[in-house]
Amino acid sequence: MRLAVFTGSSPGHDPLFAEAAGRFAAGLASHSVGIVYGGGRVGLMGTVADSALAAGGEVIGVIPDALQSAEVGHTGLSRLHVVGSMHERKQLMADLADGFVALPGGIGTLEEIFEAWTWLQLGIHAKPIAFINVNGFWNPLLAGLDGMVGAGFVTDEFRNALIVEETAEGLLEAIVRWRAPQRKWRRPAEIPGS
Ligand SMILES: CC(C)=CCNc1ncnc2c1ncn2[C@@H]1O[C@H](COP(=O)(O)O)[C@@H](O)[C@H]1O
């Protein structure tokens, strides 16, 4: 199994984030789960790659040439794919991965995990989507998603499809139990009987 890991290109202010990211990455490696990630050596991205590699894990990087030339690329990976754009990067990561995991991060991490989630909703893939909730980091976001369910913009099925765990072991057990929700196209209200 290989998981796409999306996480911050910064370390965050609290050292807890890097500790948790390193523990998580080493945990995946100890269960022979490979990592596909954005290929960077910066921030929590670098922590994830270094920890997984140190634990003997496979780490595949996918990086746009613009970031590679900005010397952001990691130089010790199992494999580093240099691609032409961020879109190519995400498509190749999605093709290489059997599931998608967000560790704490910022805008890029959000964009990547939400694209993977909306691709699940559209039926483009049937792979699990997970948040690793380090010290409750994702709680405000998850509360916002619950609000979107209540407002009628996200279905219970796709909200409940999200895996929220704190450790690699918890995630892997949840993935074994996970089943893709049945996609039911919602008729746009303004088009009766469409
Ligand atoms: C030139 C330089 C320092 C660039 C640093 N910026 C980045 N470097 C590597 N990957 C990135 C960068 N920005 C976004 N990404 C992608 O988005 C996530 C990180 O964005 P963020 O820090 O959460 O918002 C990673 O999963 C990565 O795939």
# chains A, B, ... in the order shown; residues from 1 in each chain; ligands from 1
$ residues_near_ligand --ligand "ligand 1" --cutoff "9 Å" --atoms "only C-alpha atoms and all ligand atoms" --output "mmCIF file with N, CA, C and O atoms, in the first residue's frame"
data_model
loop_
_atom_site.group_PDB
_atom_site.id
_atom_site.type_symbol
_atom_site.label_atom_id
_atom_site.label_comp_id
_atom_site.auth_asym_id
_atom_site.auth_seq_id
_atom_site.Cartn_x
_atom_site.Cartn_y
_atom_site.Cartn_z
ATOM 1 N N ALA A 4 -0.726 8.843 -0.156
ATOM 2 C CA ALA A 4 -0.304 10.221 -0.436
ATOM 3 C C ALA A 4 -0.407 10.993 0.873
ATOM 4 O O ALA A 4 -1.445 10.937 1.549
ATOM 5 N N VAL A 5 0.683 11.642 1.247
ATOM 6 C CA VAL A 5 0.692 12.422 2.496
ATOM 7 C C VAL A 5 0.859 13.894 2.146
ATOM 8 O O VAL A 5 1.862 14.300 1.546
ATOM 9 N N PHE A 6 -0.167 14.659 2.511
ATOM 10 C CA PHE A 6 -0.129 16.112 2.296
ATOM 11 C C PHE A 6 0.166 16.764 3.643
ATOM 12 O O PHE A 6 -0.466 16.425 4.656
ATOM 13 N N THR A 7 1.114 17.681 3.693
ATOM 14 C CA THR A 7 1.434 18.325 4.965
ATOM 15 C C THR A 7 2.199 19.616 4.715
ATOM 16 O O THR A 7 2.579 19.934 3.590
ATOM 17 N N GLY A 8 2.421 20.349 5.779
ATOM 18 C CA GLY A 8 2.944 21.700 5.663
ATOM 19 C C GLY A 8 4.354 21.796 5.107
ATOM 20 O O GLY A 8 5.223 20.998 5.412
ATOM 21 N N SER A 9 4.544 22.830 4.278
ATOM 22 C CA SER A 9 5.898 23.164 3.806
ATOM 23 C C SER A 9 6.607 24.010 4.863
ATOM 24 O O SER A 9 7.747 24.423 4.673
ATOM 25 N N SER A 10 5.924 24.251 5.957
ATOM 26 C CA SER A 10 6.506 24.908 7.148
ATOM 27 C C SER A 10 6.428 23.927 8.306
ATOM 28 O O SER A 10 5.608 23.008 8.294
ATOM 29 N N PRO A 11 7.247 24.130 9.357
ATOM 30 C CA PRO A 11 7.215 23.201 10.502
ATOM 31 C C PRO A 11 6.112 23.504 11.519
ATOM 32 O O PRO A 11 5.775 22.676 12.357
ATOM 33 N N TYR A 37 4.533 11.897 -1.685
ATOM 34 C CA TYR A 37 4.294 13.250 -1.156
ATOM 35 C C TYR A 37 4.878 14.265 -2.126
ATOM 36 O O TYR A 37 5.429 13.920 -3.158
ATOM 37 N N GLY A 38 4.797 15.547 -1.753
ATOM 38 C CA GLY A 38 5.157 16.617 -2.677
ATOM 39 C C GLY A 38 6.632 16.785 -2.959
ATOM 40 O O GLY A 38 7.021 17.710 -3.651
ATOM 41 N N GLY A 39 7.487 15.922 -2.395
ATOM 42 C CA GLY A 39 8.899 15.916 -2.813
ATOM 43 C C GLY A 39 9.780 16.965 -2.169
ATOM 44 O O GLY A 39 10.978 17.043 -2.412
ATOM 45 N N GLY A 40 9.205 17.789 -1.276
ATOM 46 C CA GLY A 40 9.984 18.881 -0.687
ATOM 47 C C GLY A 40 10.804 18.437 0.507
ATOM 48 O O GLY A 40 10.502 17.435 1.140
ATOM 49 N N ARG A 41 11.854 19.217 0.767
ATOM 50 C CA ARG A 41 12.665 18.932 1.958
ATOM 51 C C ARG A 41 12.352 19.924 3.064
ATOM 52 O O ARG A 41 12.971 19.901 4.120
ATOM 53 N N VAL A 42 11.376 20.808 2.816
ATOM 54 C CA VAL A 42 11.076 21.881 3.768
ATOM 55 C C VAL A 42 9.948 21.491 4.714
ATOM 56 O O VAL A 42 9.108 20.633 4.398
ATOM 57 N N GLY A 43 9.951 22.088 5.885
ATOM 58 C CA GLY A 43 8.832 21.958 6.824
ATOM 59 C C GLY A 43 8.515 20.532 7.206
ATOM 60 O O GLY A 43 9.381 19.649 7.261
ATOM 61 N N LEU A 44 7.239 20.294 7.481
ATOM 62 C CA LEU A 44 6.803 18.948 7.884
ATOM 63 C C LEU A 44 6.957 17.960 6.737
ATOM 64 O O LEU A 44 7.104 16.756 6.969
ATOM 65 N N MET A 45 6.980 18.471 5.511
ATOM 66 C CA MET A 45 7.214 17.596 4.357
ATOM 67 C C MET A 45 8.556 16.904 4.512
ATOM 68 O O MET A 45 8.668 15.681 4.361
ATOM 69 N N VAL A 62 6.946 13.803 -5.665
ATOM 70 C CA VAL A 62 6.468 14.324 -6.945
ATOM 71 C C VAL A 62 6.501 15.844 -6.827
ATOM 72 O O VAL A 62 5.772 16.416 -6.007
ATOM 73 N N ILE A 63 7.395 16.476 -7.576
ATOM 74 C CA ILE A 63 7.620 17.915 -7.393
ATOM 75 C C ILE A 63 7.597 18.638 -8.738
ATOM 76 O O ILE A 63 8.096 18.115 -9.735
ATOM 77 N N PRO A 64 6.970 19.810 -8.793
ATOM 78 C CA PRO A 64 6.993 20.584 -10.026
ATOM 79 C C PRO A 64 8.398 21.146 -10.262
ATOM 80 O O PRO A 64 9.115 21.467 -9.296
ATOM 81 N N ALA A 66 9.409 23.891 -11.100
ATOM 82 C CA ALA A 66 9.617 25.245 -10.536
ATOM 83 C C ALA A 66 10.110 25.159 -9.092
ATOM 84 O O ALA A 66 11.017 25.893 -8.672
ATOM 85 N N LEU A 67 9.557 24.212 -8.331
ATOM 86 C CA LEU A 67 9.993 24.081 -6.935
ATOM 87 C C LEU A 67 11.325 23.344 -6.857
ATOM 88 O O LEU A 67 12.163 23.624 -6.008
ATOM 89 N N GLN A 68 11.526 22.420 -7.790
ATOM 90 C CA GLN A 68 12.809 21.712 -7.821
ATOM 91 C C GLN A 68 13.926 22.706 -8.078
ATOM 92 O O GLN A 68 14.971 22.688 -7.438
ATOM 93 N N SER A 69 13.680 23.618 -9.018
ATOM 94 C CA SER A 69 14.741 24.586 -9.335
ATOM 95 C C SER A 69 14.886 25.613 -8.206
ATOM 96 O O SER A 69 15.919 26.262 -8.090
ATOM 97 N N ALA A 70 13.862 25.714 -7.349
ATOM 98 C CA ALA A 70 13.994 26.610 -6.172
ATOM 99 C C ALA A 70 14.711 25.866 -5.045
ATOM 100 O O ALA A 70 14.740 26.326 -3.907
ATOM 101 N N GLU A 71 15.242 24.700 -5.403
ATOM 102 C CA GLU A 71 16.023 23.896 -4.443
ATOM 103 C C GLU A 71 15.202 23.510 -3.217
ATOM 104 O O GLU A 71 15.703 23.512 -2.092
ATOM 105 N N VAL A 72 13.934 23.234 -3.481
ATOM 106 C CA VAL A 72 13.081 22.801 -2.378
ATOM 107 C C VAL A 72 13.008 21.278 -2.342
ATOM 108 O O VAL A 72 12.600 20.676 -1.368
ATOM 109 N N GLY A 73 13.467 20.650 -3.450
ATOM 110 C CA GLY A 73 13.320 19.197 -3.564
ATOM 111 C C GLY A 73 14.213 18.447 -2.593
ATOM 112 O O GLY A 73 15.327 18.871 -2.279
ATOM 113 N N MET A 86 1.786 21.955 -10.898
ATOM 114 C CA MET A 86 1.162 21.484 -9.649
ATOM 115 C C MET A 86 0.011 20.522 -9.992
ATOM 116 O O MET A 86 -0.245 19.565 -9.259
ATOM 117 N N ARG A 89 1.452 17.269 -10.781
ATOM 118 C CA ARG A 89 1.914 16.696 -9.494
ATOM 119 C C ARG A 89 0.768 15.981 -8.789
ATOM 120 O O ARG A 89 0.879 14.825 -8.398
ATOM 121 N N LYS A 90 -0.361 16.658 -8.682
ATOM 122 C CA LYS A 90 -1.491 16.072 -7.943
ATOM 123 C C LYS A 90 -2.061 14.873 -8.666
ATOM 124 O O LYS A 90 -2.430 13.885 -8.032
ATOM 125 N N ALA A 102 -4.022 13.878 5.248
ATOM 126 C CA ALA A 102 -3.564 15.238 5.573
ATOM 127 C C ALA A 102 -3.044 15.255 7.012
ATOM 128 O O ALA A 102 -3.780 14.962 7.950
ATOM 129 N N LEU A 103 -1.783 15.624 7.141
ATOM 130 C CA LEU A 103 -1.206 15.970 8.438
ATOM 131 C C LEU A 103 -1.385 17.483 8.577
ATOM 132 O O LEU A 103 -1.768 18.160 7.614
ATOM 133 N N PRO A 104 -1.111 18.054 9.735
ATOM 134 C CA PRO A 104 -1.213 19.521 9.847
ATOM 135 C C PRO A 104 -0.444 20.241 8.745
ATOM 136 O O PRO A 104 0.616 19.784 8.295
ATOM 137 N N GLY A 105 -1.031 21.325 8.261
ATOM 138 C CA GLY A 105 -0.429 22.114 7.186
ATOM 139 C C GLY A 105 -1.266 23.340 6.944
ATOM 140 O O GLY A 105 -2.142 23.689 7.749
ATOM 141 N N GLY A 106 -0.992 23.965 5.785
ATOM 142 C CA GLY A 106 -1.667 25.223 5.470
ATOM 143 C C GLY A 106 -2.526 25.120 4.230
ATOM 144 O O GLY A 106 -3.153 24.086 3.976
ATOM 145 N N ILE A 107 -2.477 26.164 3.438
ATOM 146 C CA ILE A 107 -3.374 26.281 2.289
ATOM 147 C C ILE A 107 -3.136 25.161 1.276
ATOM 148 O O ILE A 107 -4.073 24.549 0.765
ATOM 149 N N GLY A 108 -1.884 24.858 0.995
ATOM 150 C CA GLY A 108 -1.576 23.803 0.007
ATOM 151 C C GLY A 108 -2.077 22.447 0.453
ATOM 152 O O GLY A 108 -2.629 21.676 -0.325
ATOM 153 N N THR A 109 -1.915 22.172 1.751
ATOM 154 C CA THR A 109 -2.390 20.894 2.300
ATOM 155 C C THR A 109 -3.907 20.802 2.186
ATOM 156 O O THR A 109 -4.453 19.782 1.765
ATOM 157 N N LEU A 110 -4.575 21.906 2.524
ATOM 158 C CA LEU A 110 -6.040 21.918 2.422
ATOM 159 C C LEU A 110 -6.486 21.686 0.986
ATOM 160 O O LEU A 110 -7.376 20.879 0.700
ATOM 161 N N GLU A 111 -5.838 22.394 0.088
ATOM 162 C CA GLU A 111 -6.230 22.309 -1.328
ATOM 163 C C GLU A 111 -6.083 20.880 -1.838
ATOM 164 O O GLU A 111 -6.959 20.333 -2.510
ATOM 165 N N GLU A 112 -5.005 20.224 -1.438
ATOM 166 C CA GLU A 112 -4.740 18.860 -1.919
ATOM 167 C C GLU A 112 -5.720 17.851 -1.345
ATOM 168 O O GLU A 112 -6.273 17.007 -2.054
ATOM 169 N N ILE A 113 -5.988 17.942 -0.041
ATOM 170 C CA ILE A 113 -6.871 16.935 0.554
ATOM 171 C C ILE A 113 -8.323 17.166 0.129
ATOM 172 O O ILE A 113 -9.069 16.203 -0.096
#
$ select_by_dssp --residues "stretch 57-102 of chain A" --states "strand (DSSP E or B)" --output "PyMOL selection string"
chain A and resi 59-64+73+79-83+100-102
$ closest_residue --among "A:Ala168, A:Ala161, A:Leu77, A:Ala174" --to "A:Glu58" --atoms "only C-alpha atoms"
A:Leu77
$ closest_residue --among "A:Leu162, A:Leu172, A:Val36, A:Ala18" --to "A:Asn135" --atoms "only C-alpha atoms"
A:Ala18
$ residues_around --residues "A:Pro181" --least-positions-apart "2" --cutoff "7 Å" --atoms "only C-alpha atoms" --output "VMD selection string"
chain A and resid 157 to 158 161 179 183
$ residues_around --residues "A:Val134" --least-positions-apart "2" --cutoff "12 Å" --atoms "only C-alpha atoms" --output "PyMOL selection string"
chain A and resi 7+14-24+102-105+131-132+136-139+164-168
$ write_last_selection --atoms "C-alpha atoms" --output "mmCIF file, in the first residue's frame"
data_model
loop_
_atom_site.group_PDB
_atom_site.id
_atom_site.type_symbol
_atom_site.label_atom_id
_atom_site.label_comp_id
_atom_site.auth_asym_id
_atom_site.auth_seq_id
_atom_site.Cartn_x
_atom_site.Cartn_y
_atom_site.Cartn_z
ATOM 1 C CA THR A 7 1.434 18.325 4.965
ATOM 2 C CA ASP A 14 4.803 24.014 18.034
ATOM 3 C CA PRO A 15 7.505 21.273 17.919
ATOM 4 C CA LEU A 16 4.669 18.874 18.643
ATOM 5 C CA PHE A 17 3.752 18.987 14.926
ATOM 6 C CA ALA A 18 7.156 17.762 13.748
ATOM 7 C CA GLU A 19 7.254 15.126 16.506
ATOM 8 C CA ALA A 20 3.846 13.799 15.494
ATOM 9 C CA ALA A 21 4.610 13.947 11.748
ATOM 10 C CA GLY A 22 7.850 12.047 12.277
ATOM 11 C CA ARG A 23 6.164 9.426 14.459
ATOM 12 C CA PHE A 24 3.368 9.020 11.924
ATOM 13 C CA ALA A 102 -3.564 15.238 5.573
ATOM 14 C CA LEU A 103 -1.206 15.970 8.438
ATOM 15 C CA PRO A 104 -1.213 19.521 9.847
ATOM 16 C CA GLY A 105 -0.429 22.114 7.186
ATOM 17 C CA PHE A 131 -7.024 13.631 8.540
ATOM 18 C CA ILE A 132 -4.381 12.970 11.178
ATOM 19 C CA GLY A 136 -6.909 18.485 17.821
ATOM 20 C CA PHE A 137 -5.390 20.567 15.019
ATOM 21 C CA TRP A 138 -8.206 19.738 12.580
ATOM 22 C CA ASN A 139 -11.087 20.125 15.051
ATOM 23 C CA VAL A 164 -10.039 11.072 11.427
ATOM 24 C CA GLU A 165 -7.288 9.367 13.439
ATOM 25 C CA GLU A 166 -4.221 10.351 15.450
ATOM 26 C CA THR A 167 -1.722 7.564 14.729
ATOM 27 C CA ALA A 168 -0.469 5.495 11.801
#
$ closest_residue --among "A:Thr118, A:Thr155, A:Ser30, A:Thr47" --to "A:His74" --atoms "only C-alpha atoms"
A:Thr47
$ select_by_dssp --residues "stretch 125-161 of chain A" --states "helix (DSSP H, G or I)" --output "list in words"
Val134, Asn135, Gly136, Asn139, Pro140, Leu141, Leu142, Ala143, Gly144, Leu145, Asp146, Gly147, Met148, Val149, Gly150, Asp156, Glu157, Phe158, Arg159 and Asn160 of chain A
$ write_last_selection --atoms "N, CA and C atoms" --output "PDB file, in the first residue's frame"
ATOM      1  N   VAL A 134      -3.560  15.822  14.848  1.00  0.00           N
ATOM      2  CA  VAL A 134      -2.508  16.014  15.861  1.00  0.00           C
ATOM      3  C   VAL A 134      -2.979  17.049  16.887  1.00  0.00           C
ATOM      4  N   ASN A 135      -3.150  16.594  18.133  1.00  0.00           N
ATOM      5  CA  ASN A 135      -3.504  17.520  19.216  1.00  0.00           C
ATOM      6  C   ASN A 135      -4.735  18.366  18.880  1.00  0.00           C
ATOM      7  N   GLY A 136      -5.654  17.779  18.130  1.00  0.00           N
ATOM      8  CA  GLY A 136      -6.909  18.485  17.821  1.00  0.00           C
ATOM      9  C   GLY A 136      -6.773  19.556  16.750  1.00  0.00           C
ATOM     10  N   ASN A 139      -9.742  20.013  14.467  1.00  0.00           N
ATOM     11  CA  ASN A 139     -11.087  20.125  15.051  1.00  0.00           C
ATOM     12  C   ASN A 139     -11.882  21.328  14.534  1.00  0.00           C
ATOM     13  N   PRO A 140     -11.281  22.521  14.445  1.00  0.00           N
ATOM     14  CA  PRO A 140     -12.078  23.655  13.933  1.00  0.00           C
ATOM     15  C   PRO A 140     -12.565  23.431  12.497  1.00  0.00           C
ATOM     16  N   LEU A 141     -11.685  22.831  11.689  1.00  0.00           N
ATOM     17  CA  LEU A 141     -12.068  22.564  10.296  1.00  0.00           C
ATOM     18  C   LEU A 141     -13.203  21.545  10.245  1.00  0.00           C
ATOM     19  N   LEU A 142     -13.073  20.494  11.044  1.00  0.00           N
ATOM     20  CA  LEU A 142     -14.102  19.441  11.051  1.00  0.00           C
ATOM     21  C   LEU A 142     -15.437  20.000  11.540  1.00  0.00           C
ATOM     22  N   ALA A 143     -15.385  20.944  12.477  1.00  0.00           N
ATOM     23  CA  ALA A 143     -16.624  21.587  12.928  1.00  0.00           C
ATOM     24  C   ALA A 143     -17.253  22.395  11.787  1.00  0.00           C
ATOM     25  N   GLY A 144     -16.394  23.025  11.005  1.00  0.00           N
ATOM     26  CA  GLY A 144     -16.897  23.773   9.848  1.00  0.00           C
ATOM     27  C   GLY A 144     -17.549  22.847   8.836  1.00  0.00           C
ATOM     28  N   LEU A 145     -16.979  21.679   8.637  1.00  0.00           N
ATOM     29  CA  LEU A 145     -17.563  20.710   7.701  1.00  0.00           C
ATOM     30  C   LEU A 145     -18.923  20.246   8.205  1.00  0.00           C
ATOM     31  N   ASP A 146     -19.049  20.070   9.529  1.00  0.00           N
ATOM     32  CA  ASP A 146     -20.347  19.668  10.090  1.00  0.00           C
ATOM     33  C   ASP A 146     -21.395  20.751   9.832  1.00  0.00           C
ATOM     34  N   GLY A 147     -20.934  22.006   9.874  1.00  0.00           N
ATOM     35  CA  GLY A 147     -21.847  23.108   9.564  1.00  0.00           C
ATOM     36  C   GLY A 147     -22.307  23.051   8.123  1.00  0.00           C
ATOM     37  N   MET A 148     -21.387  22.644   7.234  1.00  0.00           N
ATOM     38  CA  MET A 148     -21.733  22.548   5.804  1.00  0.00           C
ATOM     39  C   MET A 148     -22.725  21.415   5.567  1.00  0.00           C
ATOM     40  N   VAL A 149     -22.611  20.354   6.364  1.00  0.00           N
ATOM     41  CA  VAL A 149     -23.598  19.256   6.281  1.00  0.00           C
ATOM     42  C   VAL A 149     -24.955  19.789   6.725  1.00  0.00           C
ATOM     43  N   GLY A 150     -24.970  20.478   7.858  1.00  0.00           N
ATOM     44  CA  GLY A 150     -26.232  21.016   8.382  1.00  0.00           C
ATOM     45  C   GLY A 150     -26.893  21.995   7.429  1.00  0.00           C
ATOM     46  N   ASP A 156     -24.226  13.582   4.475  1.00  0.00           N
ATOM     47  CA  ASP A 156     -23.720  12.790   5.601  1.00  0.00           C
ATOM     48  C   ASP A 156     -22.757  11.710   5.114  1.00  0.00           C
ATOM     49  N   GLU A 157     -23.125  11.086   3.965  1.00  0.00           N
ATOM     50  CA  GLU A 157     -22.290   9.970   3.479  1.00  0.00           C
ATOM     51  C   GLU A 157     -20.855  10.416   3.254  1.00  0.00           C
ATOM     52  N   PHE A 158     -20.682  11.583   2.602  1.00  0.00           N
ATOM     53  CA  PHE A 158     -19.314  11.996   2.262  1.00  0.00           C
ATOM     54  C   PHE A 158     -18.596  12.641   3.434  1.00  0.00           C
ATOM     55  N   ARG A 159     -19.378  13.245   4.351  1.00  0.00           N
ATOM     56  CA  ARG A 159     -18.730  13.724   5.581  1.00  0.00           C
ATOM     57  C   ARG A 159     -18.260  12.534   6.408  1.00  0.00           C
ATOM     58  N   ASN A 160     -19.120  11.542   6.531  1.00  0.00           N
ATOM     59  CA  ASN A 160     -18.761  10.366   7.345  1.00  0.00           C
ATOM     60  C   ASN A 160     -17.709   9.496   6.676  1.00  0.00           C
TER      61      ASN A 160
END
$ atom_distance --atom1 "atom CA of A:Met1" --atom2 "atom CA of A:Ser32"
7.7 Å
$ residues_around --residues "A:Arg177" --least-positions-apart "6" --cutoff "12 Å" --atoms "only C-alpha atoms" --output "number ranges by chain"
A: 128, 161, 163, 170-171
$ write_last_selection --atoms "N, CA and C atoms" --output "short mmCIF file (atom, residue, chain, number, x, y, z; two decimals), in the first residue's frame"
data_model
loop_
_atom_site.label_atom_id
_atom_site.label_comp_id
_atom_site.auth_asym_id
_atom_site.auth_seq_id
_atom_site.Cartn_x
_atom_site.Cartn_y
_atom_site.Cartn_z
N PRO A 128 -9.64 6.04 0.23
CA PRO A 128 -9.92 6.71 1.51
C PRO A 128 -9.22 8.06 1.65
N ALA A 161 -17.49 9.74 5.38
CA ALA A 161 -16.45 8.97 4.67
C ALA A 161 -15.05 9.40 5.11
N ILE A 163 -11.91 9.78 7.26
CA ILE A 163 -11.29 9.10 8.40
C ILE A 163 -10.56 10.16 9.22
N GLY A 170 -3.80 3.62 14.00
CA GLY A 170 -5.25 3.89 13.97
C GLY A 170 -5.74 4.10 12.56
N LEU A 171 -4.93 4.81 11.78
CA LEU A 171 -5.30 5.06 10.37
C LEU A 171 -5.38 3.76 9.59
#
$ closest_residue --among "A:Asp65, A:Asp98, A:Leu53, A:Arg2" --to "A:Ile35" --atoms "only C-alpha atoms"
A:Arg2
$ closest_residue --among "A:Val154, A:Ala130, A:Asp95, A:Glu169" --to "A:Gly27" --atoms "only C-alpha atoms"
A:Glu169
